[in-house]
$ cat protein-v6.txt   # compact mmCIF, C-alpha atoms
# COMPACT_ATOMS: atom_id res chain seq x y z
CA MET K 907 -0.80 6.72 -15.62
CA GLY K 908 0.98 3.38 -15.88
CA GLU K 909 4.00 4.99 -17.51
CA MET K 910 4.02 7.67 -14.82
CA ILE K 911 3.91 5.13 -11.98
CA ARG K 912 6.94 3.44 -13.53
CA ARG K 913 8.96 6.55 -12.69
CA PHE K 914 8.54 5.79 -8.97
CA TRP K 915 10.01 3.07 -6.77
CA VAL K 916 7.20 0.52 -6.43
CA PRO K 917 6.78 -2.28 -3.85
CA ALA K 918 7.24 -5.62 -5.61
CA CYS K 919 6.96 -7.99 -2.64
CA LEU K 920 7.68 -8.31 1.06
CA SER K 921 11.18 -9.27 2.16
CA GLU K 922 9.67 -12.18 4.10
CA GLU K 923 8.36 -13.66 0.84
CA LEU K 924 12.03 -14.28 -0.08
CA PRO K 925 13.08 -15.66 3.31
CA GLU K 926 16.61 -16.90 2.58
CA PRO K 927 19.30 -17.22 -0.10
CA ASP K 928 18.36 -19.61 -2.92
CA CYS K 929 14.78 -19.85 -1.66
CA ASP K 930 11.85 -20.61 -3.95
CA PRO K 931 11.11 -17.82 -6.43
CA ILE K 932 7.69 -16.19 -6.35
CA ARG K 933 5.43 -14.83 -9.06
CA VAL K 934 4.88 -11.07 -9.06
CA ARG K 935 2.16 -9.33 -11.05
CA LEU K 936 3.11 -5.66 -11.22
CA LEU K 937 1.88 -2.85 -13.51
CA GLY K 938 0.45 -5.37 -15.95
CA GLU K 939 3.65 -7.44 -16.19
CA ASP K 940 4.23 -11.06 -15.18
CA LEU K 941 7.48 -11.09 -13.20
CA ILE K 942 9.32 -13.28 -10.74
CA ALA K 943 11.20 -12.30 -7.61
CA PHE K 944 13.95 -14.36 -6.04
CA ARG K 945 16.89 -14.10 -3.65
CA ASP K 946 20.22 -15.36 -4.95
CA THR K 947 23.00 -17.25 -3.19
CA GLU K 948 24.47 -14.00 -1.83
CA GLY K 949 21.08 -12.89 -0.49
CA ARG K 950 20.50 -10.27 -3.18
CA PRO K 951 16.86 -9.87 -4.27
CA GLY K 952 16.01 -9.74 -7.95
CA VAL K 953 12.88 -8.84 -9.93
CA MET K 954 12.69 -9.82 -13.60
CA GLN K 955 10.44 -10.90 -16.44
CA GLU K 956 9.00 -14.36 -15.84
CA ARG K 957 9.68 -15.66 -19.36
CA CYS K 958 13.14 -16.98 -20.17
CA PRO K 959 14.94 -14.85 -22.81
CA HIS K 960 15.72 -17.99 -24.82
CA ARG K 961 12.35 -19.57 -25.71
CA GLY K 962 9.94 -18.02 -23.21
CA ALA K 963 9.51 -20.83 -20.68
CA SER K 964 8.60 -19.73 -17.16
CA LEU K 965 11.54 -19.03 -14.87
CA PHE K 966 9.22 -19.43 -11.86
CA PHE K 967 9.79 -23.18 -12.19
CA GLY K 968 13.55 -22.79 -12.60
CA ARG K 969 16.35 -23.80 -10.26
CA ASN K 970 17.49 -21.02 -7.92
CA GLU K 971 21.08 -21.89 -7.11
CA GLU K 972 24.69 -20.80 -7.42
CA GLY K 973 24.03 -17.14 -8.13
CA GLY K 974 21.06 -17.23 -10.50
CA ILE K 975 17.86 -18.75 -11.86
CA ARG K 976 18.34 -21.65 -14.28
CA CYS K 977 15.54 -22.31 -16.79
CA LEU K 978 14.40 -25.92 -16.90
CA TYR K 979 13.94 -25.93 -20.69
CA HIS K 980 17.52 -25.55 -22.02
CA GLY K 981 19.37 -24.62 -18.84
CA TRP K 982 19.97 -20.94 -19.53
CA LYS K 983 20.93 -19.22 -16.29
CA VAL K 984 20.27 -15.57 -15.43
CA ASP K 985 21.43 -13.48 -12.44
CA VAL K 986 19.53 -10.78 -10.54
CA ASN K 987 20.77 -8.10 -12.93
CA GLY K 988 19.53 -9.95 -16.03
CA LYS K 989 23.01 -11.10 -17.10
CA VAL K 990 23.00 -14.48 -18.85
CA LEU K 991 25.56 -16.58 -16.96
CA ASP K 992 25.34 -19.90 -18.76
CA THR K 993 23.89 -21.41 -21.96
CA PRO K 994 24.74 -25.13 -21.62
CA CYS K 995 22.88 -26.30 -24.75
CA GLU K 996 24.89 -23.94 -26.97
CA PRO K 997 28.28 -24.83 -28.49
CA VAL K 998 31.29 -24.00 -26.35
CA GLU K 999 32.33 -21.25 -28.74
CA SER K 1000 28.87 -19.60 -28.69
CA MET K 1001 28.90 -15.91 -27.77
CA ILE K 1002 25.14 -15.60 -27.36
CA LYS K 1003 25.31 -15.09 -23.59
CA HIS K 1004 27.41 -11.99 -24.17
CA HIS K 1005 24.81 -10.49 -26.51
CA VAL K 1006 21.56 -11.32 -24.72
CA THR K 1007 20.39 -9.55 -21.57
CA HIS K 1008 17.24 -10.52 -19.74
CA ALA K 1009 14.70 -7.86 -18.67
CA ALA K 1010 15.53 -7.39 -14.98
CA TYR K 1011 14.68 -4.29 -12.96
CA PRO K 1012 16.71 -2.27 -10.42
CA VAL K 1013 15.85 -3.36 -6.89
CA VAL K 1014 16.24 -1.81 -3.44
CA GLU K 1015 15.36 -3.59 -0.19
CA ARG K 1016 14.18 -1.18 2.49
CA GLY K 1017 11.74 -1.37 5.38
CA ASP K 1018 10.98 -5.10 4.96
CA VAL K 1019 9.91 -4.44 1.36
CA VAL K 1020 11.58 -5.28 -1.96
CA TRP K 1021 11.11 -2.24 -4.22
CA ALA K 1022 11.56 -2.19 -7.98
CA TYR K 1023 12.00 0.61 -10.49
CA LEU K 1024 10.31 -0.23 -13.80
CA GLY K 1025 10.95 3.00 -15.71
CA PRO K 1026 13.65 4.23 -18.11
CA LYS K 1027 17.14 3.78 -16.70
CA GLU K 1028 18.12 7.38 -17.39
CA LYS K 1029 15.13 8.62 -15.35
CA GLN K 1030 15.74 6.45 -12.26
CA PRO K 1031 15.38 8.61 -9.12
CA PRO K 1032 17.15 8.00 -5.80
CA PHE K 1033 15.19 5.82 -3.43
CA PRO K 1034 13.01 8.04 -1.20
CA ASN K 1035 13.97 7.14 2.35
CA TYR K 1036 10.51 7.26 3.90
CA TRP K 1037 10.72 7.65 7.67
CA TRP K 1038 9.27 4.21 8.40
CA THR K 1039 11.90 2.44 6.27
CA ASN K 1040 14.64 3.74 8.56
CA VAL K 1041 13.38 2.52 11.94
CA PRO K 1042 14.58 -0.81 13.40
CA ALA K 1043 12.69 -3.89 12.23
CA SER K 1044 11.27 -4.39 15.74
CA GLN K 1045 9.51 -1.02 15.40
CA ARG K 1046 7.78 -1.84 12.14
CA VAL K 1047 5.46 -4.40 10.56
CA VAL K 1048 4.29 -4.37 6.94
CA GLY K 1049 1.12 -6.18 5.88
CA LYS K 1050 0.22 -7.19 2.34
CA ILE K 1051 -3.21 -8.09 0.98
CA ASP K 1052 -4.92 -8.02 -2.41
CA TYR K 1053 -7.82 -5.95 -3.75
CA ALA K 1054 -9.84 -7.31 -6.71
CA CYS K 1055 -10.37 -3.89 -8.30
CA ASN K 1056 -8.63 -0.95 -9.93
CA TYR K 1057 -6.09 0.80 -7.74
CA LEU K 1058 -7.70 4.24 -7.96
CA GLN K 1059 -10.85 2.89 -6.30
CA THR K 1060 -8.77 1.74 -3.35
CA VAL K 1061 -7.09 5.14 -3.03
CA GLU K 1062 -10.42 6.97 -3.26
CA GLY K 1063 -11.87 4.76 -0.54
CA THR K 1064 -8.97 5.52 1.76
CA VAL K 1065 -9.09 9.31 1.42
CA SER K 1066 -12.87 9.27 1.94
CA ASP K 1067 -12.78 9.78 5.73
CA ALA K 1068 -16.53 10.19 6.04
CA HIS K 1069 -17.17 6.46 5.72
CA ASN K 1070 -15.43 5.74 9.03
CA SER K 1071 -18.51 6.64 11.07
CA ALA K 1072 -20.57 4.10 9.11
CA LEU K 1073 -18.55 1.24 7.64
CA HIS K 1074 -15.94 0.91 10.39
CA ALA K 1075 -18.20 1.71 13.32
CA GLY K 1076 -21.86 2.49 12.66
CA PHE K 1077 -22.67 2.93 16.34
CA ALA K 1078 -25.04 5.84 15.77
CA LEU K 1079 -26.76 3.95 12.96
CA MET K 1080 -27.15 0.89 15.22
CA HIS K 1081 -28.46 3.11 18.08
CA TRP K 1082 -25.71 2.20 20.50
CA THR K 1083 -25.73 4.14 23.76
CA GLN K 1084 -22.80 6.28 24.83
CA GLU K 1085 -22.23 3.82 27.69
CA GLN K 1086 -21.80 0.97 25.19
CA ILE K 1087 -19.32 3.00 23.16
CA ASP K 1088 -17.34 4.09 26.21
CA GLN K 1089 -17.15 0.48 27.37
CA LEU K 1090 -15.82 -0.60 23.99
CA ARG K 1091 -13.28 2.21 23.93
CA GLY K 1092 -12.02 0.98 27.27
CA ILE K 1093 -11.30 -2.40 25.71
CA ARG K 1094 -9.70 -1.39 22.41
CA GLN K 1095 -8.70 1.65 20.37
CA VAL K 1096 -11.18 1.97 17.52
CA GLY K 1097 -11.10 5.65 16.60
CA VAL K 1098 -14.84 5.98 16.14
CA VAL K 1099 -17.50 8.64 16.22
CA GLY K 1100 -20.23 8.46 18.84
CA PRO K 1101 -23.99 8.70 18.41
CA GLY K 1102 -25.28 12.06 17.30
CA VAL K 1103 -21.80 13.13 16.18
CA SER K 1104 -20.82 13.27 12.52
CA LEU K 1105 -17.54 13.87 10.79
CA PRO K 1106 -17.13 17.32 9.21
CA HIS K 1107 -18.42 17.56 5.66
CA THR K 1108 -15.36 19.50 4.53
CA LEU K 1109 -11.68 19.07 5.24
CA ASP K 1110 -8.81 21.47 4.81
CA ILE K 1111 -6.68 20.63 1.77
CA VAL K 1112 -3.28 22.03 0.79
CA ASP K 1113 -1.46 21.12 -2.42
CA THR K 1114 2.20 20.12 -2.11
CA PRO K 1115 4.97 19.17 -4.57
CA TYR K 1116 4.39 15.48 -3.73
CA GLY K 1117 0.59 15.68 -4.05
CA PHE K 1118 -1.48 17.19 -1.26
CA ARG K 1119 -2.27 16.88 2.42
CA TYR K 1120 -5.63 17.12 4.10
CA GLY K 1121 -7.22 17.02 7.53
CA ASN K 1122 -8.82 19.24 10.14
CA PHE K 1123 -8.50 20.75 13.59
CA ARG K 1124 -10.20 19.22 16.62
CA PRO K 1125 -9.95 19.86 20.34
CA ASP K 1126 -8.45 17.10 22.46
CA ARG K 1127 -9.61 16.14 25.95
CA ASN K 1128 -7.52 18.93 27.43
CA GLY K 1129 -8.99 21.53 25.12
CA GLN K 1130 -5.83 21.86 23.06
CA ARG K 1131 -6.10 22.43 19.31
CA VAL K 1132 -4.99 19.29 17.47
CA ALA K 1133 -4.34 19.01 13.75
CA ASN K 1134 -5.07 15.63 12.15
CA MET K 1135 -3.10 15.36 8.91
CA THR K 1136 -3.02 12.83 6.06
CA PRO K 1137 -0.49 13.25 3.22
CA MET K 1138 -1.38 11.89 -0.22
CA LEU K 1139 1.84 11.12 -2.08
CA LEU K 1140 1.02 10.76 -5.76
CA PRO K 1141 0.36 8.40 -7.32
CA PHE K 1142 -0.29 5.56 -4.81
CA HIS K 1143 0.71 6.45 -1.24
CA VAL K 1144 -1.86 7.53 1.36
CA TRP K 1145 -0.39 8.06 4.81
CA LEU K 1146 -3.69 7.88 6.61
CA HIS K 1147 -2.97 9.87 9.76
CA GLU K 1148 0.07 7.96 11.09
CA VAL K 1149 -0.34 4.79 8.97
CA PRO K 1150 1.35 4.58 5.54
CA HIS K 1151 -0.72 2.76 2.90
CA MET K 1152 0.62 1.90 -0.56
CA PHE K 1153 -1.86 0.84 -3.26
CA VAL K 1154 0.21 -0.83 -5.96
CA PRO K 1155 -1.44 -1.74 -9.28
CA ALA K 1156 -0.95 -5.36 -10.28
CA ASP K 1157 -2.93 -4.58 -13.42
CA ASP K 1158 -6.05 -2.59 -14.32
CA GLU K 1159 -8.35 -4.76 -12.19
CA HIS K 1160 -6.13 -5.93 -9.31
CA THR K 1161 -4.23 -4.07 -6.61
CA TRP K 1162 -1.84 -4.90 -3.79
CA LEU K 1163 -2.19 -3.04 -0.50
CA TYR K 1164 0.96 -2.69 1.57
CA ASP K 1165 0.11 -1.10 4.92
CA VAL K 1166 2.65 -0.22 7.56
CA ARG K 1167 2.49 -0.08 11.33
CA ALA K 1168 5.62 1.64 12.58
CA SER K 1169 6.88 3.81 15.43
CA LEU K 1170 9.84 6.13 15.81
CA THR K 1171 10.12 5.41 19.51
CA LYS K 1172 8.86 1.95 20.49
CA GLN K 1173 8.54 -1.66 19.41
CA VAL K 1174 5.53 -2.92 17.49
CA ASP K 1175 3.66 -6.14 18.30
CA HIS K 1176 3.80 -7.80 14.87
CA GLU K 1177 1.28 -10.56 15.56
CA ARG K 1178 -1.29 -8.25 17.15
CA GLU K 1179 -1.09 -5.70 14.36
CA LEU K 1180 -1.48 -8.29 11.60
CA THR K 1181 -4.31 -9.98 13.51
CA GLU K 1182 -6.25 -6.73 13.88
CA ARG K 1183 -5.79 -6.01 10.16
CA GLY K 1184 -6.80 -9.52 9.05
CA GLU K 1185 -3.44 -9.95 7.30
CA ARG K 1186 -1.97 -13.17 8.73
CA VAL K 1187 -0.86 -15.85 6.30
CA GLY K 1188 -2.88 -18.92 7.27
CA PRO K 1189 -5.94 -17.66 9.14
CA ASP K 1190 -6.62 -14.70 6.82
CA LEU K 1191 -4.46 -15.07 3.71
CA ALA K 1192 -3.26 -17.77 1.36
CA PRO K 1193 0.54 -18.23 1.16
CA ASP K 1194 0.61 -15.83 -1.81
CA HIS K 1195 -1.11 -13.15 0.35
CA HIS K 1196 -4.43 -13.32 -1.47
CA LYS K 1197 -7.26 -12.98 1.04
CA LEU K 1198 -9.54 -15.87 1.96
CA ARG K 1199 -12.63 -13.68 2.36
CA THR K 1200 -13.74 -12.79 -1.17
CA LEU K 1201 -16.82 -11.85 -3.12
CA ALA K 1202 -17.15 -15.54 -4.07
CA ASN K 1203 -17.91 -16.43 -0.43
CA ASN K 1204 -19.63 -13.11 0.37
CA TYR K 1205 -16.60 -12.13 2.45
CA GLN K 1206 -17.93 -14.56 5.11
CA GLN K 1207 -20.21 -11.78 6.30
CA ASP K 1208 -21.81 -12.54 9.69
CA ARG K 1209 -25.50 -11.67 9.27
CA GLN K 1210 -26.42 -13.02 12.70
CA GLY K 1211 -23.84 -10.75 14.29
CA MET K 1212 -25.35 -7.82 12.39
CA ARG K 1213 -28.81 -8.62 13.74
CA GLU K 1214 -27.56 -8.92 17.31
CA ARG K 1215 -25.44 -5.73 17.10
CA ARG K 1216 -23.13 -7.26 19.67
CA GLU K 1217 -19.63 -6.25 18.58
CA TYR K 1218 -17.77 -3.25 17.22
CA TRP K 1219 -17.96 -4.83 13.75
CA SER K 1220 -21.69 -5.57 13.92
CA TYR K 1221 -22.63 -2.79 11.50
CA SER K 1222 -20.82 -4.43 8.56
CA GLY K 1223 -20.78 -8.05 9.72
CA ILE K 1224 -17.07 -8.29 8.88
CA PRO K 1225 -15.25 -9.04 12.14
CA TRP K 1226 -11.67 -8.67 10.95
CA GLY K 1227 -9.69 -5.50 10.38
CA LYS K 1228 -10.56 -2.46 8.34
CA PRO K 1229 -9.02 -3.55 5.01
CA LEU K 1230 -11.56 -6.36 4.67
CA GLN K 1231 -14.44 -4.00 5.38
CA ASP K 1232 -13.05 -1.58 2.80
CA MET K 1233 -12.63 -4.38 0.30
CA LEU K 1234 -16.27 -5.43 0.57
CA VAL K 1235 -17.54 -2.01 -0.48
CA THR K 1236 -14.75 -1.14 -2.92
CA GLU K 1237 -14.68 -4.41 -4.83
CA THR K 1238 -18.46 -4.60 -5.14
CA MET K 1239 -18.34 -1.35 -7.10
CA ARG K 1240 -17.02 -3.68 -9.85
CA PRO K 1241 -13.37 -4.05 -10.88
CA ILE K 1242 -13.45 -0.70 -12.71
CA TYR K 1243 -16.14 1.59 -11.35
CA ASP K 1244 -18.30 3.57 -13.77
CA ARG K 1245 -18.07 6.98 -12.13
CA GLU K 1246 -20.70 8.45 -14.46
CA THR K 1247 -23.33 6.71 -12.32
CA GLU K 1248 -22.27 8.22 -8.99
CA HIS K 1249 -23.77 11.17 -7.09
CA LEU K 1250 -21.12 12.97 -5.06
CA GLY K 1251 -21.89 14.76 -1.82
CA MET K 1252 -20.17 17.32 0.38
CA SER K 1253 -18.27 14.57 2.18
CA ASP K 1254 -16.52 13.65 -1.09
CA SER K 1255 -14.40 16.82 -1.32
CA VAL K 1256 -11.09 14.97 -0.90
CA VAL K 1257 -12.09 12.36 -3.49
CA VAL K 1258 -12.80 15.15 -5.98
CA HIS K 1259 -9.48 16.83 -5.17
CA LEU K 1260 -7.64 13.53 -5.55
CA ARG K 1261 -9.03 13.07 -9.06
CA GLU K 1262 -8.09 16.63 -10.00
CA ARG K 1263 -4.54 16.20 -8.75
CA MET K 1264 -4.18 12.80 -10.44
CA LEU K 1265 -5.32 14.23 -13.78
CA ALA K 1266 -3.03 17.24 -13.40
CA ALA K 1267 -0.06 14.98 -12.60
CA VAL K 1268 -0.70 12.79 -15.64
CA ARG K 1269 -1.08 15.81 -17.93
CA ARG K 1270 2.16 17.27 -16.62
CA PHE K 1271 3.88 13.95 -17.24
CA MET K 1272 2.46 13.71 -20.76
CA ASP K 1273 3.41 17.29 -21.61
CA ALA K 1274 6.77 17.67 -19.89
CA GLY K 1275 7.78 14.17 -18.74
CA GLU K 1276 8.00 15.41 -15.15
CA THR K 1277 6.92 13.58 -11.98
CA PRO K 1278 7.30 14.26 -8.25
CA ALA K 1279 9.72 11.31 -8.07
CA GLU K 1280 12.44 13.48 -9.63
CA ASP K 1281 11.70 16.68 -7.69
CA PRO K 1282 14.81 17.47 -5.57
CA SER K 1283 12.84 19.89 -3.38
CA ILE K 1284 10.79 17.10 -1.79
CA LYS K 1285 12.17 15.84 1.52
CA TRP K 1286 10.67 12.37 1.39
CA ASP K 1287 12.14 11.31 4.73
CA LEU K 1288 10.36 14.18 6.55
CA ILE K 1289 6.86 13.57 5.20
CA GLN K 1290 4.65 12.18 7.95
CA GLY K 1291 1.02 11.88 8.81
CA GLY K 1292 -0.42 12.07 12.28
CA THR K 1293 -1.48 14.59 14.86
CA SER K 1294 0.12 17.77 16.08
CA ILE K 1295 -0.83 20.27 18.78
CA VAL K 1296 -0.87 23.72 17.21
CA PRO K 1297 -1.50 27.20 18.64
CA GLU K 1298 -4.87 28.83 18.15
CA GLY K 1299 -5.03 30.89 14.98
CA THR K 1300 -2.52 28.75 13.08
CA PRO K 1301 -3.87 28.28 9.54
CA TRP K 1302 -3.96 24.80 8.04
CA ALA K 1303 -1.52 25.78 5.29
CA GLU K 1304 1.22 26.24 7.93
CA VAL K 1305 0.80 22.79 9.50
CA GLU K 1306 3.60 20.93 7.74
CA TYR K 1307 4.76 18.05 9.93
CA PRO K 1308 3.26 16.44 13.04
CA ASP K 1309 4.96 16.12 16.40
CA GLU K 1310 7.61 13.39 16.20
CA ALA K 1311 6.27 11.64 19.27
CA SER K 1312 2.81 11.38 17.74
CA VAL K 1313 3.91 9.43 14.67
CA GLY K 1314 3.40 5.68 14.49
CA VAL K 1315 1.41 2.97 16.24
CA ARG K 1316 -0.14 4.05 19.52
$ encode --input "protein-v6.txt" --output "structure tokens"
Amino acid sequence: MGEMIRRFWVPACLSEELPEPDCDPIRVRLLGEDLIAFRDTEGRPGVMQERCPHRGASLFFGRNEEGGIRCLYHGWKVDVNGKVLDTPCEPVESMIKHHVTHAAYPVVERGDVVWAYLGPKEKQPPFPNYWWTNVPASQRVVGKIDYACNYLQTVEGTVSDAHNSALHAGFALMHWTQEQIDQLRGIRQVGVVGPGVSLPHTLDIVDTPYGFRYGNFRPDRNGQRVANMTPMLLPFHVWLHEVPHMFVPADDEHTWLYDVRASLTKQVDHERELTERGERVGPDLAPDHHKLRTLANNYQQDRQGMRERREYWSYSGIPWGKPLQDMLVTETMRPIYDRETEHLGMSDSVVVHLRERMLAAVRRFMDAGETPAEDPSIKWDLIQGGTSIVPEGTPWAEVEYPDEASVGVR
């Protein structure tokens, strides 16, 4: 699976983590490798192995200036492409810099994200221009936060829609009245299920070249038939309704979540979106984007709030945004969950399908070396999640893309 993921463009860091030319480099843990990312004097981002190609000292502590990173040990200097620019401790006639190349990866900066390709050079695919990477910066915000568990657990938790009526709301389980729920809905958009109403046990699923898409039909307030659709782009994208999520493996037991709030038609309130997701550096996250609520401090769960049942988050006792609620349950399954101990129910149909598709994709890669990343038939820029009004009688298999106006933050 790790080798397969390397065939895709993978988020390495946020653009804002490299705020200006010659800024401080940052450490990046990605697919089990210790890397650094930096922005050179010309503003170009680079992602490369942390250890200097000379004697292995950390380039994180190096000087970022005049077009490259200079190692503190012997002064070797490397540019964003891995070219050795200078070897000051070598004799003037030394040719070593012409023979040594540092392990640096191809980089593309799109949609406020620095993406890296870690696979074989001859297999490098074009960058998939996802719709949200092409909107103006004012119409997009990207959050970043860490999970202390294997990436597949995070993906499984996201495609498991049934937990929304408990973990993220729990009104029926707390015996809230419809009046209480209606009052809350008048204050904020929470996308919840009311008392006595449960999510469907089964969802419609259609396989696609990029993975699969799933969802269901529901009537809206006007009685129109609305399709709710979530694409799963193997191996780590889940575009939950209209919100792209990317679950990027740092290593086997740690994952980075990049989640996007974007709109094709209007500006996005960056501060509000990050606040509601619990993804602000300072109040919610350390400067390196690791969360402050962790298992070590019991996620700062508010037990008194749970007893009083006073707020929309009272069921879980976690007052910040959904990622932190998800992290509580997903991380406490242990860093790598032993699935032999689980007991799946009808509401787990998408989780089962996800595992089947993941295994099929890996087997195809092992047998033929093929991945969706290289499939020219996939129109990456047209794939969207969201809602679409469809005529009665339209089968789920024919619901391909949502209405353009329905995509993005609402």
$ closest_atom_pairs --input "protein-v6.txt" --of "region 1221-1254 of chain K" --to "region 1073-1094 of chain K" --cutoff "7 Å" --atoms "only C-alpha atoms" --output "CSV"
residue,atom,partner,partner_atom,distance
K:Tyr1221,CA,K:Gly1076,CA,5.5
K:Ser1222,CA,K:Leu1073,CA,6.2
K:Lys1228,CA,K:His1074,CA,6.7
$ atom_distance --input "protein-v6.txt" --atom1 "CA of Val1144 (chain K)" --atom2 "CA of Thr1114 (chain K)"
13.7 Å
$ closest_residue --input "protein-v6.txt" --among "K:Cys929, K:Ala1054, K:Ala1192, K:Ile1284" --to "Thr947 (chain K)" --atoms "all atoms listed in the file"
K:Cys929
$ closest_residue --input "protein-v6.txt" --among "K:Gly1063, K:Pro1282, K:Gly973, K:Pro917" --to "Leu1146 (chain K)" --atoms "all atoms listed in the file"
K:Gly1063
$ residues_around --input "protein-v6.txt" --residues "Lys1285 (chain K)" --least-positions-apart "6" --cutoff "12 Å" --atoms "only C-alpha atoms" --output "mmCIF file with C-alpha atoms, in the frame of the given file"
data_model
loop_
_atom_site.group_PDB
_atom_site.id
_atom_site.type_symbol
_atom_site.label_atom_id
_atom_site.label_comp_id
_atom_site.auth_asym_id
_atom_site.auth_seq_id
_atom_site.Cartn_x
_atom_site.Cartn_y
_atom_site.Cartn_z
ATOM 1 C CA PRO K 1032 17.150 8.000 -5.800
ATOM 2 C CA PHE K 1033 15.190 5.820 -3.430
ATOM 3 C CA PRO K 1034 13.010 8.040 -1.200
ATOM 4 C CA ASN K 1035 13.970 7.140 2.350
ATOM 5 C CA TYR K 1036 10.510 7.260 3.900
ATOM 6 C CA TRP K 1037 10.720 7.650 7.670
ATOM 7 C CA THR K 1114 2.200 20.120 -2.110
ATOM 8 C CA PRO K 1115 4.970 19.170 -4.570
ATOM 9 C CA TYR K 1116 4.390 15.480 -3.730
ATOM 10 C CA LEU K 1139 1.840 11.120 -2.080
ATOM 11 C CA PRO K 1278 7.300 14.260 -8.250
ATOM 12 C CA ALA K 1279 9.720 11.310 -8.070
ATOM 13 C CA GLU K 1306 3.600 20.930 7.740
ATOM 14 C CA TYR K 1307 4.760 18.050 9.930
#
$ axis_aligned_box --input "protein-v6.txt" --around "region 1119-1134 of chain K" --padding-each-side "3 Å" --output "lines of an AutoDock Vina configuration file"
center_x = -6.2
center_y = 19.0
center_z = 14.9
size_x = 13.9
size_y = 12.8
size_z = 31.0
$ residues_around --input "protein-v6.txt" --residues "region 1246-1262 of chain K" --least-positions-apart "2" --cutoff "12 Å" --atoms "all atoms listed in the file" --output "ChimeraX atom specification"
/K:1058-1071,1104-1113,1117-1121,1136-1144,1239,1242-1244,1264-1269
$ write_last_selection --input "protein-v6.txt" --atoms "C-alpha atoms" --output "tab-separated table (two decimals), in the coordinates of the input"
chain	number	residue	atom	x	y	z
K	1058	LEU	CA	-7.70	4.24	-7.96
K	1059	GLN	CA	-10.85	2.89	-6.30
K	1060	THR	CA	-8.77	1.74	-3.35
K	1061	VAL	CA	-7.09	5.14	-3.03
K	1062	GLU	CA	-10.42	6.97	-3.26
K	1063	GLY	CA	-11.87	4.76	-0.54
K	1064	THR	CA	-8.97	5.52	1.76
K	1065	VAL	CA	-9.09	9.31	1.42
K	1066	SER	CA	-12.87	9.27	1.94
K	1067	ASP	CA	-12.78	9.78	5.73
K	1068	ALA	CA	-16.53	10.19	6.04
K	1069	HIS	CA	-17.17	6.46	5.72
K	1070	ASN	CA	-15.43	5.74	9.03
K	1071	SER	CA	-18.51	6.64	11.07
K	1104	SER	CA	-20.82	13.27	12.52
K	1105	LEU	CA	-17.54	13.87	10.79
K	1106	PRO	CA	-17.13	17.32	9.21
K	1107	HIS	CA	-18.42	17.56	5.66
K	1108	THR	CA	-15.36	19.50	4.53
K	1109	LEU	CA	-11.68	19.07	5.24
K	1110	ASP	CA	-8.81	21.47	4.81
K	1111	ILE	CA	-6.68	20.63	1.77
K	1112	VAL	CA	-3.28	22.03	0.79
K	1113	ASP	CA	-1.46	21.12	-2.42
K	1117	GLY	CA	0.59	15.68	-4.05
K	1118	PHE	CA	-1.48	17.19	-1.26
K	1119	ARG	CA	-2.27	16.88	2.42
K	1120	TYR	CA	-5.63	17.12	4.10
K	1121	GLY	CA	-7.22	17.02	7.53
K	1136	THR	CA	-3.02	12.83	6.06
K	1137	PRO	CA	-0.49	13.25	3.22
K	1138	MET	CA	-1.38	11.89	-0.22
K	1139	LEU	CA	1.84	11.12	-2.08
K	1140	LEU	CA	1.02	10.76	-5.76
K	1141	PRO	CA	0.36	8.40	-7.32
K	1142	PHE	CA	-0.29	5.56	-4.81
K	1143	HIS	CA	0.71	6.45	-1.24
K	1144	VAL	CA	-1.86	7.53	1.36
K	1239	MET	CA	-18.34	-1.35	-7.10
K	1242	ILE	CA	-13.45	-0.70	-12.71
K	1243	TYR	CA	-16.14	1.59	-11.35
K	1244	ASP	CA	-18.30	3.57	-13.77
K	1264	MET	CA	-4.18	12.80	-10.44
K	1265	LEU	CA	-5.32	14.23	-13.78
K	1266	ALA	CA	-3.03	17.24	-13.40
K	1267	ALA	CA	-0.06	14.98	-12.60
K	1268	VAL	CA	-0.70	12.79	-15.64
K	1269	ARG	CA	-1.08	15.81	-17.93
$ atom_distance --input "protein-v6.txt" --atom1 "CA of Leu1234 (chain K)" --atom2 "CA of Asp1194 (chain K)"
20.0 Å
$ atom_distance --input "protein-v6.txt" --atom1 "CA of Pro927 (chain K)" --atom2 "CA of Arg1046 (chain K)"
22.8 Å
$ residues_near_point --input "protein-v6.txt" --point "(3.7, -6.0, -11.2)" --cutoff "8 Å" --atoms "only C-alpha atoms" --output "list of chain:residue names"
K:Ala918, K:Val934, K:Arg935, K:Leu936, K:Leu937, K:Gly938, K:Glu939, K:Asp940, K:Leu941, K:Pro1155, K:Ala1156, K:Asp1157
$ write_last_selection --input "protein-v6.txt" --atoms "C-alpha atoms" --output "PDB file, in the coordinates of the input"
ATOM      1  CA  ALA K 918       7.240  -5.620  -5.610  1.00  0.00           C
ATOM      2  CA  VAL K 934       4.880 -11.070  -9.060  1.00  0.00           C
ATOM      3  CA  ARG K 935       2.160  -9.330 -11.050  1.00  0.00           C
ATOM      4  CA  LEU K 936       3.110  -5.660 -11.220  1.00  0.00           C
ATOM      5  CA  LEU K 937       1.880  -2.850 -13.510  1.00  0.00           C
ATOM      6  CA  GLY K 938       0.450  -5.370 -15.950  1.00  0.00           C
ATOM      7  CA  GLU K 939       3.650  -7.440 -16.190  1.00  0.00           C
ATOM      8  CA  ASP K 940       4.230 -11.060 -15.180  1.00  0.00           C
ATOM      9  CA  LEU K 941       7.480 -11.090 -13.200  1.00  0.00           C
ATOM     10  CA  PRO K1155      -1.440  -1.740  -9.280  1.00  0.00           C
ATOM     11  CA  ALA K1156      -0.950  -5.360 -10.280  1.00  0.00           C
ATOM     12  CA  ASP K1157      -2.930  -4.580 -13.420  1.00  0.00           C
TER      13      ASP K1157
END
